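See below for the structure under consideration.
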Amino acid sequence: MLSKKRIPVRKHISATYASRAFTRPIPRYEIPEDGVGPDVAYQLIHDEMNLDGNPALNLASFVTTWMEPQAERLIMESLNKNLIDQEEYPQTGVIQARVVNMLARLFHAREQHEFVGTATVGSSEAIMLGLLAHKWSWRKRREGKGTSSPNLVVGADVHVVWEKFARYFDVELRVIPMEKGRYTLDVDRVREAVDENTICVGAVLGTTFTGQLDPVKELNDMLLELKGHRGLDIPIHVDAASGGFLVPFLYPELQWDFRLEQVKSINVSGHKYGLVYPGVGWLIFKDREYLPEDLIFYVNYLGSQEATYTLNFSRGSAMVVAQYYNLLRLGRRGYRAVAQSCLSNARYLAERLEEMGIFRLTHRDIRLPVVTFSSDEVDVYELSRRLRGRGWIVPAYNLPPNAQDVNILRVVVKENFSRDMADMLLSHMGETLKEMGRGKRGDGEIPRIGGQIHTKIC
Ligand SMILES: Cc1ncc(COP(=O)(O)O)c(C=O)c1O
């Protein structure tokens, strides 16, 4: 969040190369009276951006940091088109619809159902919209029986956006805590938490904290049993922000999607393993019946009657086009190859980390390319800070209750993180640990990686 800045003692920007062209100071927190030439403005901002981390070394984020030049060309060509202007840019609208169809089918929506969906800015917007629809549907189910206290049941492994939804849209959040050693949803405890006011249960396919998969099939079976015995018909929304573009390719047999009766809506981030730059997510409903008509707005001021179900009206269309590019360019085989490569690099990294003898993996069954690990011997926060000094962005954090004493580091392995980069990270980690007085190995020796001893290159 950005707050008011006091006008500081140093009121003006001091640039590096751009300062060659300065004829007057440029204020930091006020709009300057006069502008500057485009080259100066460019250089000034370009210089400042050098202070950001290097996206290629950002192992913290799930979000895509590399796309092919052809995709970038399409992005540039679509930058000036507003996605909402479907009348003006009908083909962009057609492309959005094609992607919705592709994803609904990827998630096994049935042909006899009228599946619907929309592009969003990311999974956060998709989750908010999905849950709003469940709130409205629940209200309808409860007509005449009291609709004052809706609740939402989730595991503590959900992303913060679920908490945001509950607070922003006035729904009680019932959180099933984690336990040390169990960092996914406990289905037995969900059974105890749900009731007739539960708008839906959330499940995560690839948790933000450890990259693990919630047991969606088990959850579905339990809810079906409840439906049979107690007449409670509680839907599941699957947050497949990171897993939605991985699991269908890595584990096609795993049932987590619309094949399961209670799964009614799914979100996925196009900008994570959909391999698109930031700014696109997707929300898919199994059938139009789960998206209450009251929530769809029809506007005619763009030249024709257009249906919208989004939080924001205007938004860029470039990332939607880029998503379509990836789907055509890679196909299922290409997505599978990328997913398998990321996963094998993640498993490689995990094995080498374990071999260092200092770290403990939070779980050894790595199903998505996310490696999380803790240590009893080193301060993970200090290690994270020192790695940052070498350019690597590896976040350290603690897990939610009741596992709040577990402090971990997380590496999200993306397409650009090669085996070579894994070796370099391990090597830098070994050196950093030694600086911290925690090198387990002999003097001057760098940890054994990639099957060879790497000697120091000066
Ligand atoms: C499981 C999960 N859900 C939701 C989100 C939010 O997604 P977005 O950043 O696309 O809004 C994230 C982001 O990392 C996530 O990991």
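Convention: chains lettered A, B, ... in structure tokens order; per-chain residue numbering from 1; ligands numbered from 1 as shown.
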
Write out as a PyMOL selection string each polymer residue (protein, DNA or RNA) that has an atom no more than 10 Å from ligand 1, with only C-alpha atoms and all ligand atoms counted. chain A and resi 60-63+120-128+157-162+203-213+238-243+267-272+278-282

Do you know which residues are at most 10 Å from Leu291 of chain A counting only C-alpha atoms, after dropping those on the same chain fewer than 5 positions away, and could you put them as a ChimeraX atom specification? /A:115-117,129-130,132-134,136-137,264-265,284-286,296,309

Same residues, N, CA and C atoms, output as an mmCIF file, in the first residue's frame:
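What landed in result28.cif:
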data_model
loop_
_atom_site.group_PDB
_atom_site.id
_atom_site.type_symbol
_atom_site.label_atom_id
_atom_site.label_comp_id
_atom_site.auth_asym_id
_atom_site.auth_seq_id
_atom_site.Cartn_x
_atom_site.Cartn_y
_atom_site.Cartn_z
ATOM 1 N N PHE A 115 -20.696 -24.787 -19.553
ATOM 2 C CA PHE A 115 -19.663 -24.163 -18.710
ATOM 3 C C PHE A 115 -19.468 -22.714 -19.131
ATOM 4 N N VAL A 116 -19.114 -21.875 -18.152
ATOM 5 C CA VAL A 116 -18.884 -20.456 -18.426
ATOM 6 C C VAL A 116 -17.622 -20.032 -17.682
ATOM 7 N N GLY A 117 -17.042 -18.921 -18.103
ATOM 8 C CA GLY A 117 -15.842 -18.455 -17.422
ATOM 9 C C GLY A 117 -15.454 -17.079 -17.890
ATOM 10 N N LEU A 129 -14.547 -13.536 -7.266
ATOM 11 C CA LEU A 129 -15.754 -13.687 -8.095
ATOM 12 C C LEU A 129 -16.376 -15.071 -7.911
ATOM 13 N N GLY A 130 -15.525 -16.079 -7.817
ATOM 14 C CA GLY A 130 -16.034 -17.446 -7.623
ATOM 15 C C GLY A 130 -16.783 -17.556 -6.306
ATOM 16 N N LEU A 132 -18.049 -15.107 -4.506
ATOM 17 C CA LEU A 132 -19.270 -14.284 -4.522
ATOM 18 C C LEU A 132 -20.429 -15.064 -5.133
ATOM 19 N N ALA A 133 -20.136 -15.769 -6.208
ATOM 20 C CA ALA A 133 -21.185 -16.570 -6.858
ATOM 21 C C ALA A 133 -21.706 -17.625 -5.881
ATOM 22 N N HIS A 134 -20.784 -18.243 -5.127
ATOM 23 C CA HIS A 134 -21.234 -19.259 -4.151
ATOM 24 C C HIS A 134 -22.051 -18.617 -3.033
ATOM 25 N N TRP A 136 -23.998 -16.023 -3.351
ATOM 26 C CA TRP A 136 -25.326 -15.735 -3.914
ATOM 27 C C TRP A 136 -26.146 -17.025 -4.058
ATOM 28 N N SER A 137 -25.485 -18.078 -4.514
ATOM 29 C CA SER A 137 -26.211 -19.350 -4.693
ATOM 30 C C SER A 137 -26.690 -19.876 -3.339
ATOM 31 N N LYS A 264 -17.471 -27.106 -8.266
ATOM 32 C CA LYS A 264 -18.349 -26.317 -9.144
ATOM 33 C C LYS A 264 -17.597 -25.162 -9.810
ATOM 34 N N SER A 265 -16.481 -24.765 -9.234
ATOM 35 C CA SER A 265 -15.746 -23.644 -9.828
ATOM 36 C C SER A 265 -14.251 -23.801 -9.548
ATOM 37 N N ILE A 284 -13.473 -20.459 -13.979
ATOM 38 C CA ILE A 284 -14.347 -21.318 -14.784
ATOM 39 C C ILE A 284 -15.412 -21.934 -13.868
ATOM 40 N N PHE A 285 -16.674 -21.831 -14.290
ATOM 41 C CA PHE A 285 -17.763 -22.527 -13.593
ATOM 42 C C PHE A 285 -18.135 -23.760 -14.403
ATOM 43 N N LYS A 286 -18.372 -24.828 -13.668
ATOM 44 C CA LYS A 286 -18.740 -26.097 -14.305
ATOM 45 C C LYS A 286 -19.986 -25.949 -15.169
ATOM 46 N N ILE A 296 -24.414 -10.937 -13.005
ATOM 47 C CA ILE A 296 -23.933 -10.577 -14.343
ATOM 48 C C ILE A 296 -24.526 -9.221 -14.708
ATOM 49 N N TYR A 309 -18.767 -10.063 -15.896
ATOM 50 C CA TYR A 309 -18.667 -10.558 -14.521
ATOM 51 C C TYR A 309 -17.212 -10.405 -14.103
#

Write out as number ranges by chain the set of residues from segment 36-166 of chain A that DSSP, computed on the backbone, places in helix (DSSP H, G or I). A: 38-49, 55-57, 69-78, 90-106, 123-141, 160-166

Residue neighbourhood segment 432-438 of chain A, 8 Å, only C-alpha atoms, exclusion window fewer than 4 positions, as a ChimeraX atom specification: /A:377-378,383,386-387,428

From the list A:Phe359, A:Gly228, A:Asp233, A:Tyr29, which residue is nearest Arg10 of chain A when using only C-alpha atoms?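 Ranking A:Phe359, A:Gly228, A:Asp233, A:Tyr29 by distance to Arg10 of chain A, first place goes to A:Tyr29.
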
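Pairwise distance (atom CA of Asp379 of chain A, atom CA of Val412 of chain A) equals 20.0 Å.
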